[in-house]
$ cat data29.txt   # compact mmCIF, C-alpha atoms
# COMPACT_ATOMS: atom_id res chain seq x y z
CA MET A 1 123.03 96.86 114.67
CA LYS A 2 125.27 97.80 111.72
CA GLN A 3 124.41 94.50 110.12
CA VAL A 4 120.68 95.19 110.45
CA ILE A 5 121.07 98.67 108.91
CA PHE A 6 123.12 97.20 106.06
CA LEU A 7 120.47 94.55 105.33
CA PHE A 8 117.76 97.23 105.43
CA PHE A 9 119.49 99.38 102.80
CA LEU A 10 120.29 96.29 100.73
CA ALA A 11 116.58 95.39 100.68
CA ILE A 12 115.67 98.92 99.54
CA LEU A 13 118.29 98.75 96.79
CA CYS A 14 117.03 95.39 95.58
CA CYS A 15 113.44 96.64 95.52
CA GLY A 16 114.57 99.68 93.57
CA ASN A 17 116.40 97.53 91.03
CA ALA A 18 113.40 95.24 90.68
CA SER A 19 111.14 98.24 90.15
CA ALA A 20 113.54 99.65 87.55
CA GLN A 21 113.64 96.30 85.77
CA ARG A 22 109.85 96.16 85.75
CA LYS A 23 109.74 99.65 84.26
CA LYS A 24 112.33 98.66 81.68
CA ARG A 25 110.28 95.64 80.68
CA ASN A 26 107.18 97.79 80.44
CA VAL A 27 108.97 100.23 78.14
CA LYS A 28 110.10 97.34 75.98
CA GLU A 29 106.53 96.05 75.90
CA GLU A 30 105.27 99.42 74.69
CA ILE A 31 107.66 99.63 71.75
CA ARG A 32 106.84 96.17 70.42
CA SER A 33 104.48 96.01 67.48
CA PRO A 34 100.87 96.10 68.73
CA LYS A 35 98.50 93.16 68.53
CA GLN A 36 96.33 93.06 65.42
CA GLU A 37 93.27 91.25 64.14
CA LEU A 38 94.10 88.89 61.28
CA VAL A 39 92.42 89.47 57.92
CA TYR A 40 92.78 87.10 54.98
CA GLN A 41 94.03 89.59 52.42
CA ASP A 42 97.19 91.42 51.36
CA LYS A 43 97.62 93.92 54.17
CA ASN A 44 100.28 96.01 55.93
CA TYR A 45 99.21 96.22 59.58
CA LEU A 46 101.49 99.13 60.47
CA PRO A 47 101.95 102.48 58.67
CA THR A 48 105.74 102.08 58.99
CA ILE A 49 105.75 99.03 56.69
CA LYS A 50 106.43 100.20 53.14
CA SER A 51 107.45 99.04 49.65
CA VAL A 52 106.32 95.43 50.07
CA GLN A 53 107.20 93.26 47.07
CA PHE A 54 106.18 89.60 46.92
CA SER A 55 106.72 87.52 43.79
CA PRO A 56 108.50 84.42 42.47
CA LEU A 57 112.27 84.71 42.83
CA GLY A 58 113.67 86.16 39.61
CA LYS A 59 110.20 87.18 38.32
CA GLU A 60 109.71 90.58 39.93
CA GLY A 61 106.10 91.76 40.00
CA ASP A 62 104.56 88.45 38.89
CA LEU A 63 101.79 86.61 40.74
CA PRO A 64 103.31 84.89 43.81
CA LEU A 65 102.84 81.34 42.55
CA ILE A 66 105.08 78.28 42.67
CA SER A 67 104.77 74.65 41.63
CA LEU A 68 104.35 72.05 44.38
CA ASN A 69 107.48 70.05 45.28
CA SER A 70 109.65 72.09 42.91
CA ASP A 71 112.80 74.13 43.51
CA GLU A 72 110.90 77.36 42.81
CA LYS A 73 111.08 80.06 45.48
CA LEU A 74 109.10 83.12 46.50
CA ASN A 75 110.78 86.37 47.51
CA LEU A 76 109.37 88.86 50.03
CA VAL A 77 111.04 92.27 50.44
CA PHE A 78 109.82 95.15 52.61
CA ASP A 79 110.99 98.20 54.57
CA ASP A 80 110.27 99.14 58.18
CA LEU A 81 110.59 102.90 58.69
CA ARG A 82 111.12 102.42 62.43
CA ALA A 83 114.68 101.70 61.26
CA ASP A 84 115.62 99.41 64.14
CA VAL A 85 116.14 95.64 64.10
CA ARG A 86 113.10 93.53 64.90
CA ASN A 87 112.70 89.79 65.42
CA PHE A 88 110.29 89.02 62.60
CA TYR A 89 108.96 85.49 62.14
CA PHE A 90 106.73 83.99 59.48
CA SER A 91 104.36 81.07 58.98
CA ILE A 92 101.79 79.98 56.40
CA GLU A 93 98.12 78.95 56.48
CA HIS A 94 96.21 76.94 53.89
CA CYS A 95 92.96 78.43 52.54
CA ASN A 96 90.17 77.35 50.22
CA TYR A 97 89.59 78.90 46.79
CA ASN A 98 87.58 81.77 48.35
CA TRP A 99 90.29 82.58 50.93
CA GLU A 100 88.40 81.18 53.86
CA PRO A 101 90.63 79.06 56.14
CA SER A 102 90.51 75.41 55.14
CA ARG A 103 90.03 72.75 57.78
CA VAL A 104 93.36 71.18 56.96
CA SER A 105 95.72 70.68 59.90
CA PRO A 106 99.12 72.44 59.74
CA LEU A 107 100.69 68.98 60.01
CA GLU A 108 98.97 68.08 56.74
CA TYR A 109 99.71 71.24 54.74
CA ALA A 110 103.16 72.31 56.00
CA ALA A 111 106.46 70.44 56.32
CA GLY A 112 108.74 71.38 59.21
CA TYR A 113 107.74 73.55 62.18
CA ASN A 114 105.71 76.00 60.06
CA GLU A 115 107.57 78.88 61.64
CA ASP A 116 110.91 80.47 60.83
CA ARG A 117 112.75 83.72 61.47
CA ILE A 118 113.58 86.33 58.83
CA GLU A 119 117.37 86.37 59.05
CA ASN A 120 118.24 88.67 56.14
CA PHE A 121 117.98 92.40 56.90
CA THR A 122 120.08 95.52 56.23
CA SER A 123 119.95 99.14 57.33
CA SER A 124 119.48 101.90 54.76
CA LYS A 125 122.64 103.62 53.51
CA SER A 126 122.98 107.43 53.47
CA THR A 127 119.24 108.04 53.04
CA ALA A 128 117.26 110.99 54.39
CA GLN A 129 114.56 108.52 55.47
CA ALA A 130 116.10 105.82 57.63
CA TYR A 131 114.67 102.30 57.37
CA THR A 132 115.51 98.63 57.74
CA ASN A 133 115.09 96.45 54.66
CA TYR A 134 114.01 92.83 55.23
CA ASN A 135 114.40 90.08 52.64
CA LEU A 136 112.92 86.59 52.82
CA THR A 137 113.24 83.73 50.33
CA PHE A 138 111.12 80.64 50.96
CA PRO A 139 110.07 77.80 51.14
CA THR A 140 112.69 77.08 53.76
CA GLU A 141 113.67 73.96 55.67
CA TYR A 142 111.17 74.84 58.39
CA VAL A 143 108.32 76.30 56.30
CA LYS A 144 107.33 74.39 53.18
CA PRO A 145 103.87 73.68 51.65
CA LYS A 146 102.93 70.00 51.36
CA ILE A 147 99.71 70.34 49.35
CA SER A 148 98.55 72.63 46.56
CA GLY A 149 96.09 75.50 46.99
CA ASN A 150 95.85 79.02 48.32
CA TYR A 151 98.07 80.09 51.21
CA LEU A 152 98.35 83.13 53.44
CA LEU A 153 101.85 84.21 54.47
CA LYS A 154 101.92 85.84 57.92
CA VAL A 155 104.81 87.97 59.22
CA TYR A 156 104.78 88.90 62.90
CA GLU A 157 107.08 90.07 65.68
CA ASP A 158 108.82 88.02 68.40
CA ALA A 159 107.12 84.76 67.36
CA ASP A 160 103.80 86.23 68.58
CA LYS A 161 101.23 85.63 65.83
CA ASN A 162 99.00 88.35 67.25
CA ARG A 163 101.65 91.03 66.60
CA LEU A 164 101.11 90.99 62.85
CA ILE A 165 103.30 93.05 60.53
CA LEU A 166 101.91 92.01 57.16
CA THR A 167 100.00 89.26 55.39
CA ARG A 168 100.28 88.24 51.75
CA LYS A 169 98.39 85.75 49.59
CA PHE A 170 100.30 83.21 47.52
CA TYR A 171 99.54 80.16 45.42
CA VAL A 172 100.95 76.64 45.16
CA TYR A 173 99.76 74.61 42.18
CA ARG A 174 100.05 71.01 41.09
CA ASP A 175 99.95 70.74 37.32
CA LEU A 176 97.12 68.23 36.81
CA ILE A 177 94.70 70.21 34.64
CA GLN A 178 95.63 71.67 31.26
CA VAL A 179 94.27 75.21 30.83
CA GLN A 180 93.58 76.97 27.53
CA ALA A 181 92.32 80.56 27.68
CA SER A 182 91.34 83.03 24.98
CA LEU A 183 90.15 86.63 24.96
CA LEU A 184 87.53 88.31 22.80
CA GLN A 185 85.17 91.25 22.81
CA SER A 186 82.18 90.91 25.08
CA PRO A 187 79.24 89.09 23.44
CA ASN A 188 77.00 91.52 25.34
CA VAL A 189 76.25 94.31 22.84
CA ASN A 190 76.28 96.97 25.56
CA ASN A 191 79.78 95.90 26.66
CA ARG A 192 81.52 95.32 23.33
CA ALA A 193 83.53 98.56 23.39
CA SER A 194 84.38 98.40 27.09
CA HIS A 195 84.82 94.78 28.17
CA GLN A 196 87.18 91.85 27.64
CA LYS A 197 85.64 88.37 27.71
CA ILE A 198 87.69 85.37 28.84
CA ASN A 199 86.81 81.87 27.58
CA VAL A 200 88.44 78.93 29.34
CA THR A 201 88.78 75.29 28.32
CA ILE A 202 90.23 72.74 30.74
CA LYS A 203 91.39 69.20 30.04
CA THR A 204 91.23 66.86 33.00
CA ASN A 205 93.07 63.79 31.70
CA ALA A 206 95.01 63.32 34.96
CA LEU A 207 91.92 63.55 37.17
CA THR A 208 88.58 61.84 37.46
CA ILE A 209 85.96 64.56 37.84
CA THR A 210 82.39 63.31 37.97
CA ASN A 211 80.63 66.61 38.71
CA PRO A 212 82.46 69.71 37.37
CA GLN A 213 79.74 72.11 38.61
CA ARG A 214 80.40 70.91 42.15
CA ASP A 215 84.10 70.05 42.09
CA ILE A 216 85.67 72.75 39.85
CA HIS A 217 86.03 76.50 40.44
CA VAL A 218 87.47 78.74 37.72
CA VAL A 219 88.90 82.06 38.96
CA ALA A 220 90.25 84.77 36.65
CA ILE A 221 92.23 87.73 38.02
CA GLN A 222 92.98 90.93 36.09
CA ASN A 223 96.55 92.23 36.51
CA ARG A 224 97.13 90.21 39.72
CA ARG A 225 94.52 92.41 41.46
CA ASN A 226 92.78 90.67 44.32
CA ASP A 227 90.16 93.43 44.18
CA TYR A 228 89.21 92.59 40.59
CA GLN A 229 88.61 88.92 39.93
CA LEU A 230 85.67 86.93 38.57
CA GLU A 231 84.80 83.27 39.00
CA THR A 232 82.50 80.67 37.49
CA VAL A 233 81.36 77.13 38.24
CA ASP A 234 78.93 76.98 35.31
CA PRO A 235 80.36 75.39 32.13
CA LEU A 236 78.78 75.62 28.68
CA PHE A 237 80.03 72.18 27.61
CA ILE A 238 81.11 69.03 29.46
CA GLY A 239 82.77 66.35 27.35
CA ASN A 240 85.18 63.46 27.69
CA ASN A 241 87.97 64.89 29.90
CA GLU A 242 87.15 68.40 28.63
CA VAL A 243 85.11 71.22 30.15
CA ARG A 244 84.46 74.57 28.44
CA TYR A 245 83.54 77.77 30.27
CA GLU A 246 82.19 79.99 27.50
CA LYS A 247 78.81 81.26 28.69
CA THR A 248 77.98 84.81 27.63
CA GLU A 249 77.58 86.23 31.12
CA THR A 250 80.70 84.73 32.72
CA LEU A 251 84.27 86.11 33.05
CA ASP A 252 83.35 89.39 31.30
CA PHE A 253 85.80 92.04 32.60
CA LYS A 254 85.91 95.79 32.22
CA GLY A 255 89.03 96.50 30.18
CA ASN A 256 89.53 99.79 32.07
CA LYS A 257 92.32 102.00 30.69
CA GLU A 258 96.11 102.08 30.69
CA PHE A 259 97.58 103.02 34.06
CA HIS A 260 99.10 106.38 34.90
CA TYR A 261 102.88 106.09 35.19
CA VAL A 262 105.50 108.01 37.16
CA ASP A 263 109.29 107.65 37.09
CA LEU A 264 110.69 108.30 40.59
CA ARG A 265 114.08 106.69 40.02
CA SER A 266 115.84 110.02 40.63
CA PHE A 267 115.15 112.72 43.22
CA ARG A 268 117.73 114.99 41.55
CA LEU A 269 116.45 115.09 37.97
CA ALA A 270 112.74 115.47 37.21
CA ALA A 271 111.20 112.91 34.84
CA ALA A 272 108.39 113.68 32.39
CA THR A 273 105.40 113.72 34.76
CA ILE A 274 107.22 115.46 37.63
CA ARG A 275 106.50 119.18 37.98
CA ASN A 276 108.89 119.97 40.82
CA ILE A 277 111.36 118.40 43.28
CA ARG A 278 111.98 120.27 46.52
CA GLN A 279 114.66 119.19 48.97
CA ASP A 280 113.32 119.06 52.53
CA SER A 281 113.95 116.73 55.46
CA ILE A 282 113.13 114.19 52.78
CA PRO A 283 112.53 115.19 49.13
CA TYR A 284 109.09 116.55 48.20
CA VAL A 285 108.00 115.62 44.68
CA THR A 286 105.05 117.35 43.00
CA LEU A 287 103.57 115.52 40.01
CA THR A 288 101.73 117.10 37.11
CA VAL A 289 97.96 117.21 37.51
CA ASP A 290 96.05 114.19 36.14
CA GLU A 291 92.98 115.18 34.12
CA ASP A 292 89.60 113.48 34.19
CA GLU A 293 89.65 111.22 31.09
CA SER A 294 86.00 110.17 31.03
CA GLY A 295 84.62 110.65 27.53
CA ILE A 296 88.06 110.37 25.92
CA SER A 297 88.79 107.70 23.29
CA TYR A 298 91.34 104.94 23.89
CA ALA A 299 95.00 105.91 23.56
CA SER A 300 97.78 103.31 23.66
CA THR A 301 100.47 104.14 26.21
CA PHE A 302 103.10 101.99 27.85
CA ASP A 303 102.44 100.72 31.36
CA GLU A 304 103.35 97.77 33.56
CA ASN A 305 99.77 96.64 34.25
CA GLY A 306 99.77 98.18 37.71
CA LYS A 307 103.18 96.99 38.92
CA PHE A 308 105.92 98.93 40.67
CA TYR A 309 109.69 98.42 40.78
CA ILE A 310 112.26 99.80 43.23
CA ARG A 311 115.03 101.43 41.17
CA ASN A 312 117.65 104.13 41.82
CA LEU A 313 119.44 106.29 39.24
CA ASP A 314 121.08 108.58 41.81
CA LEU A 315 123.44 105.95 43.26
CA GLU A 316 125.13 102.92 41.75
CA ASP A 317 124.36 100.68 44.68
CA ASP A 318 121.87 98.09 45.87
CA ALA A 319 118.49 99.75 45.26
CA ALA A 320 116.89 97.85 48.15
CA ASN A 321 118.82 99.71 50.87
CA SER A 322 120.26 102.77 49.10
CA SER A 323 117.04 104.14 47.59
CA ASP A 324 115.46 107.03 49.47
CA TYR A 325 111.88 107.99 50.19
CA ALA A 326 110.04 111.15 49.16
CA ASN A 327 106.72 112.76 49.92
CA VAL A 328 104.94 112.56 46.56
CA GLU A 329 101.98 114.81 45.76
CA PHE A 330 99.32 113.40 43.41
CA SER A 331 96.55 115.58 41.93
CA LEU A 332 93.36 114.80 40.03
CA LYS A 333 91.31 117.49 38.28
CA THR A 334 87.66 116.71 37.58
CA ASN A 335 84.46 118.68 37.07
CA GLN A 336 82.46 115.80 38.49
CA GLN A 337 80.96 116.16 41.97
CA PRO A 338 81.43 112.63 43.26
CA LYS A 339 79.31 111.53 46.22
CA GLY A 340 81.86 109.25 47.76
CA ARG A 341 85.61 108.98 48.19
CA ILE A 342 88.56 108.94 45.77
CA TYR A 343 91.62 106.77 46.40
CA LEU A 344 95.04 106.33 44.84
CA ALA A 345 95.62 102.70 43.87
CA GLY A 346 98.32 100.45 42.47
CA ALA A 347 100.31 97.34 43.30
CA PHE A 348 102.31 99.47 45.77
CA ASN A 349 99.24 99.54 48.06
CA ASN A 350 97.59 96.31 46.86
CA PHE A 351 94.84 98.34 45.11
CA ILE A 352 93.11 98.58 48.50
CA PRO A 353 91.25 101.83 49.26
CA SER A 354 92.42 103.08 52.66
CA GLU A 355 92.50 106.33 54.59
CA GLU A 356 96.25 106.63 53.97
CA PHE A 357 95.64 106.91 50.20
CA GLU A 358 92.43 108.99 50.13
CA LEU A 359 92.49 112.19 48.06
CA LYS A 360 91.02 115.36 49.57
CA LYS A 361 89.61 118.31 47.65
CA ASP A 362 91.72 121.46 47.68
CA GLU A 363 89.06 124.18 47.74
CA ALA A 364 91.47 126.82 46.46
CA SER A 365 92.33 124.98 43.23
CA LEU A 366 89.28 122.66 43.07
CA VAL A 367 91.74 119.79 42.54
CA TRP A 368 91.75 116.54 44.51
CA LYS A 369 95.14 115.95 46.17
CA LEU A 370 97.08 113.40 48.17
CA THR A 371 100.63 113.38 49.50
CA THR A 372 102.09 109.99 50.36
CA LYS A 373 105.53 108.56 51.02
CA LEU A 374 107.05 106.44 48.22
CA LYS A 375 110.46 104.88 47.64
CA GLN A 376 112.57 105.61 44.56
CA GLY A 377 111.36 103.55 41.63
CA LEU A 378 108.86 103.14 38.79
CA TYR A 379 105.16 103.23 39.64
CA ASP A 380 101.90 102.49 37.85
CA TYR A 381 98.86 103.99 39.54
CA ASP A 382 95.20 104.82 39.03
CA TYR A 383 92.23 106.29 40.88
CA ILE A 384 89.43 104.26 42.47
CA PHE A 385 86.07 105.80 43.36
CA VAL A 386 84.05 104.32 46.25
CA ASP A 387 80.45 105.50 46.44
CA GLU A 388 78.36 106.10 49.55
CA ASN A 389 77.26 102.44 49.57
CA GLY A 390 80.85 101.20 49.58
CA LYS A 391 80.86 100.02 45.95
CA SER A 392 84.16 100.51 44.09
CA PHE A 393 84.48 101.81 40.53
CA THR A 394 87.63 101.77 38.39
CA ASP A 395 86.28 103.84 35.49
CA THR A 396 84.70 106.91 37.12
CA PHE A 397 87.45 109.27 35.90
CA SER A 398 88.20 107.45 32.65
CA ASN A 399 86.43 105.27 30.12
CA SER A 400 86.77 101.51 29.99
CA HIS A 401 88.13 100.16 26.68
CA PHE A 402 88.28 96.75 25.04
CA GLU A 403 91.68 97.70 23.54
CA THR A 404 93.40 98.19 26.92
CA GLY A 405 96.42 95.99 27.53
CA ASN A 406 95.86 93.70 30.52
CA SER A 407 97.14 90.40 31.88
CA TYR A 408 94.82 87.71 33.21
CA GLN A 409 95.76 84.96 35.62
CA ILE A 410 93.53 81.86 35.31
CA LEU A 411 93.37 79.55 38.33
CA ILE A 412 91.60 76.17 38.33
CA TYR A 413 90.62 74.70 41.69
CA ASN A 414 89.21 71.25 42.28
CA ARG A 415 87.93 69.42 45.33
CA ARG A 416 88.41 65.67 45.19
CA PRO A 417 85.60 63.42 46.44
CA GLY A 418 85.94 62.70 50.15
CA THR A 419 88.14 65.75 50.85
CA TYR A 420 87.22 69.08 52.45
CA TRP A 421 89.71 71.49 50.87
CA ASP A 422 90.37 73.00 47.46
CA GLU A 423 93.49 72.12 45.50
CA LEU A 424 94.98 74.37 42.83
CA SER A 425 95.40 72.00 39.90
CA GLY A 426 95.76 74.27 36.88
CA TYR A 427 97.15 77.68 35.99
CA SER A 428 97.57 79.83 32.90
CA GLU A 429 98.19 83.50 32.09
CA ILE A 430 97.21 85.46 29.00
CA THR A 431 98.17 89.01 28.06
CA THR A 432 96.22 91.33 25.79
CA ASN A 433 97.66 94.07 23.59
CA LYS A 434 101.18 93.56 24.93
CA LYS A 435 103.10 96.83 24.77
CA GLN A 436 106.80 97.43 24.37
CA ASN A 437 108.60 100.32 26.05
$ encode --input "data29.txt" --output "structure tokens"
Amino acid sequence: MKQVIFLFFLAILCCGNASAQRKKRNVKEEIRSPKQELVYQDKNYLPTIKSVQFSPLGKEGDLPLISLNSDEKLNLVFDDLRADVRNFYFSIEHCNYNWEPSRVSPLEYAAGYNEDRIENFTSSKSTAQAYTNYNLTFPTEYVKPKISGNYLLKVYEDADKNRLILTRKFYVYRDLIQVQASLLQSPNVNNRASHQKINVTIKTNALTITNPQRDIHVVAIQNRRNDYQLETVDPLFIGNNEVRYEKTETLDFKGNKEFHYVDLRSFRLAAATIRNIRQDSIPYVTLTVDEDESGISYASTFDENGKFYIRNLDLEDDAANSSDYANVEFSLKTNQQPKGRIYLAGAFNNFIPSEEFELKKDEASLVWKLTTKLKQGLYDYDYIFVDENGKSFTDTFSNSHFETGNSYQILIYNRRPGTYWDELSGYSEITTNKKQN
């Protein structure tokens, strides 16, 4: 009888433990990053992912581009404000020139397993805002591109590709096409004061291209902005191993204006455009009000063409994990009554209009305001207006000028006969009105 009673209580205990374990697993399931729908663009899928930098190793802020089969590396750095340690993995996917997935098999475009774990991470040091900083340098032994073209880098949790953390575009080129680019005022009379025209000549000595209109795509990007790029497949001249893209209506960009600039390297001493720093649970930084500059002539000021850099003047330590975060208040004063939405934009948010960076009108002051969390550093920024039809404008609150300093990244894609994917076979960059700080 005692043995029966003992077995009965043992069964209850085991059931209780099993139930507790199930509950524990359920709790763990809830705190994992949620499943997300993949989009083929630069995107942070969680609001806790901040300060994402992705560029060639040693070339901070540049277009994430490397040469095929070279020793060049790309460097991805980001913070997770959940401040715990996560098992983040990454893989790559090949895309065509227009960022649609190519039909190339992973076995054809990637060497190794095409999946690896991010091993390098550190916790923040003595910061009001806790975070974990992750750092990835690749290609690695297990993830390495085998062909040229566009690629999408995917970072996700626990080797589950549905639990996306971030995606970033990058480029792998094979130097087969020589690219010469020049910049001039727009040949369109109405655009001469506001636009910058790019002419491109390519020399195809290393390739046999029978039909350039079909096999070549020319893409020009302003300031590494995926939201502002133009393309053409229509050359003005086709000669012996030379193709010129010089038609009046092609690759004619708004010059826009120089970016606004804020120095957030110190949360103790206020820089020029900072009105006030208030110490709270994390610092609260109020910037001076930006005025509507539409109708104002061009003025040359220093900027970084939209880039941002993580820097710290308050501590002599590694800026990646010793720099703090602050709530930063931006303000825009305008007499315009825009029928649409106003967004803060810069490389720090991929120039993508999103609810997180939308300005709201303060009825008391009639100023448009936004408070967002930024890490210590140097930031270029601007304002994007999106009308009721969803069309974006970069010059609603400022004029566009031919004189503005910009950089242009020129990418030449070709599709060889008999293949079904686009290779990146030429690259060049030109800079206009280069400024010195």
$ closest_atom_pairs --input "data29.txt" --of "segment 223-341 of chain A" --to "segment 98-118 of chain A" --cutoff "12 Å" --atoms "all atoms listed in the file" --output "Markdown table"
| residue | atom | partner | partner_atom | distance |
| --- | --- | --- | --- | --- |
| A:Asn226 | CA | A:Trp99 | CA | 10.7 |
| A:Gln229 | CA | A:Asn98 | CA | 11.1 |
| A:Leu230 | CA | A:Asn98 | CA | 11.2 |
| A:Glu231 | CA | A:Asn98 | CA | 9.9 |
$ atom_distance --input "data29.txt" --atom1 "atom CA of Val179 of chain A" --atom2 "atom CA of Thr250 of chain A"
16.7 Å
$ closest_residue --input "data29.txt" --among "A:Thr334, A:Thr432, A:Asn133, A:Thr127" --to "Glu403 of chain A" --atoms "only C-alpha atoms"
A:Thr432
$ closest_residue --input "data29.txt" --among "A:Ala193, A:Ile165, A:Leu46, A:Ile92" --to "Asn150 of chain A" --atoms "all atoms listed in the file"
A:Ile92
$ residues_around --input "data29.txt" --residues "segment 201-206 of chain A" --least-positions-apart "6" --cutoff "8 Å" --atoms "all atoms listed in the file" --output "list in words"
Leu176, Ile177, Gln178, Val179, Gln180, Ala181, Asn241, Glu242, Val243, Arg244 and Tyr245 of chain A
$ closest_residue --input "data29.txt" --among "A:Leu332, A:Ala130, A:Val367, A:Ala320" --to "Glu293 of chain A" --atoms "only C-alpha atoms"
A:Leu332
$ atom_distance --input "data29.txt" --atom1 "atom CA of Leu411 of chain A" --atom2 "atom CA of Tyr427 of chain A"
4.8 Å
$ decode --input "data29.txt" --residues "segment 116-134 of chain A" --atoms "N, CA and C atoms" --output "PDB file, in the first residue's frame"
ATOM      1  N   ASP A 116      26.084  31.309 -40.962  1.00  0.00           N
ATOM      2  CA  ASP A 116      27.114  31.374 -39.937  1.00  0.00           C
ATOM      3  C   ASP A 116      26.555  32.165 -38.761  1.00  0.00           C
ATOM      4  N   ARG A 117      27.202  32.017 -37.622  1.00  0.00           N
ATOM      5  CA  ARG A 117      26.746  32.689 -36.402  1.00  0.00           C
ATOM      6  C   ARG A 117      27.580  33.944 -36.163  1.00  0.00           C
ATOM      7  N   ILE A 118      26.941  34.991 -35.653  1.00  0.00           N
ATOM      8  CA  ILE A 118      27.669  36.197 -35.251  1.00  0.00           C
ATOM      9  C   ILE A 118      28.284  35.936 -33.884  1.00  0.00           C
ATOM     10  N   GLU A 119      29.595  35.811 -33.853  1.00  0.00           N
ATOM     11  CA  GLU A 119      30.294  35.407 -32.632  1.00  0.00           C
ATOM     12  C   GLU A 119      30.791  36.590 -31.804  1.00  0.00           C
ATOM     13  N   ASN A 120      30.907  37.757 -32.430  1.00  0.00           N
ATOM     14  CA  ASN A 120      31.527  38.902 -31.760  1.00  0.00           C
ATOM     15  C   ASN A 120      30.455  39.835 -31.206  1.00  0.00           C
ATOM     16  N   PHE A 121      30.319  39.888 -29.890  1.00  0.00           N
ATOM     17  CA  PHE A 121      29.356  40.797 -29.260  1.00  0.00           C
ATOM     18  C   PHE A 121      29.879  41.206 -27.892  1.00  0.00           C
ATOM     19  N   THR A 122      29.518  42.431 -27.465  1.00  0.00           N
ATOM     20  CA  THR A 122      29.931  42.953 -26.160  1.00  0.00           C
ATOM     21  C   THR A 122      28.776  43.730 -25.546  1.00  0.00           C
ATOM     22  N   SER A 123      28.728  43.741 -24.225  1.00  0.00           N
ATOM     23  CA  SER A 123      27.714  44.520 -23.517  1.00  0.00           C
ATOM     24  C   SER A 123      28.191  45.957 -23.351  1.00  0.00           C
ATOM     25  N   SER A 124      27.254  46.880 -23.302  1.00  0.00           N
ATOM     26  CA  SER A 124      27.593  48.289 -23.106  1.00  0.00           C
ATOM     27  C   SER A 124      28.239  48.493 -21.741  1.00  0.00           C
ATOM     28  N   LYS A 125      29.098  49.514 -21.658  1.00  0.00           N
ATOM     29  CA  LYS A 125      29.841  49.786 -20.425  1.00  0.00           C
ATOM     30  C   LYS A 125      29.387  51.102 -19.802  1.00  0.00           C
ATOM     31  N   SER A 126      28.832  51.034 -18.600  1.00  0.00           N
ATOM     32  CA  SER A 126      28.506  52.229 -17.804  1.00  0.00           C
ATOM     33  C   SER A 126      27.637  53.225 -18.570  1.00  0.00           C
ATOM     34  N   THR A 127      26.662  52.721 -19.313  1.00  0.00           N
ATOM     35  CA  THR A 127      25.758  53.591 -20.059  1.00  0.00           C
ATOM     36  C   THR A 127      24.389  53.620 -19.389  1.00  0.00           C
ATOM     37  N   ALA A 128      23.704  54.745 -19.507  1.00  0.00           N
ATOM     38  CA  ALA A 128      22.344  54.842 -18.968  1.00  0.00           C
ATOM     39  C   ALA A 128      21.399  53.926 -19.733  1.00  0.00           C
ATOM     40  N   GLN A 129      21.605  53.829 -21.046  1.00  0.00           N
ATOM     41  CA  GLN A 129      20.832  52.908 -21.881  1.00  0.00           C
ATOM     42  C   GLN A 129      21.660  51.648 -22.100  1.00  0.00           C
ATOM     43  N   ALA A 130      21.213  50.548 -21.530  1.00  0.00           N
ATOM     44  CA  ALA A 130      21.927  49.284 -21.716  1.00  0.00           C
ATOM     45  C   ALA A 130      21.674  48.746 -23.128  1.00  0.00           C
ATOM     46  N   TYR A 131      22.674  48.079 -23.690  1.00  0.00           N
ATOM     47  CA  TYR A 131      22.515  47.447 -25.001  1.00  0.00           C
ATOM     48  C   TYR A 131      23.615  46.416 -25.195  1.00  0.00           C
ATOM     49  N   THR A 132      23.431  45.570 -26.183  1.00  0.00           N
ATOM     50  CA  THR A 132      24.467  44.645 -26.618  1.00  0.00           C
ATOM     51  C   THR A 132      24.892  45.046 -28.018  1.00  0.00           C
ATOM     52  N   ASN A 133      26.196  45.187 -28.214  1.00  0.00           N
ATOM     53  CA  ASN A 133      26.747  45.585 -29.506  1.00  0.00           C
ATOM     54  C   ASN A 133      27.253  44.346 -30.243  1.00  0.00           C
ATOM     55  N   TYR A 134      26.785  44.153 -31.466  1.00  0.00           N
ATOM     56  CA  TYR A 134      27.181  43.008 -32.290  1.00  0.00           C
ATOM     57  C   TYR A 134      28.053  43.495 -33.441  1.00  0.00           C
TER      58      TYR A 134
END
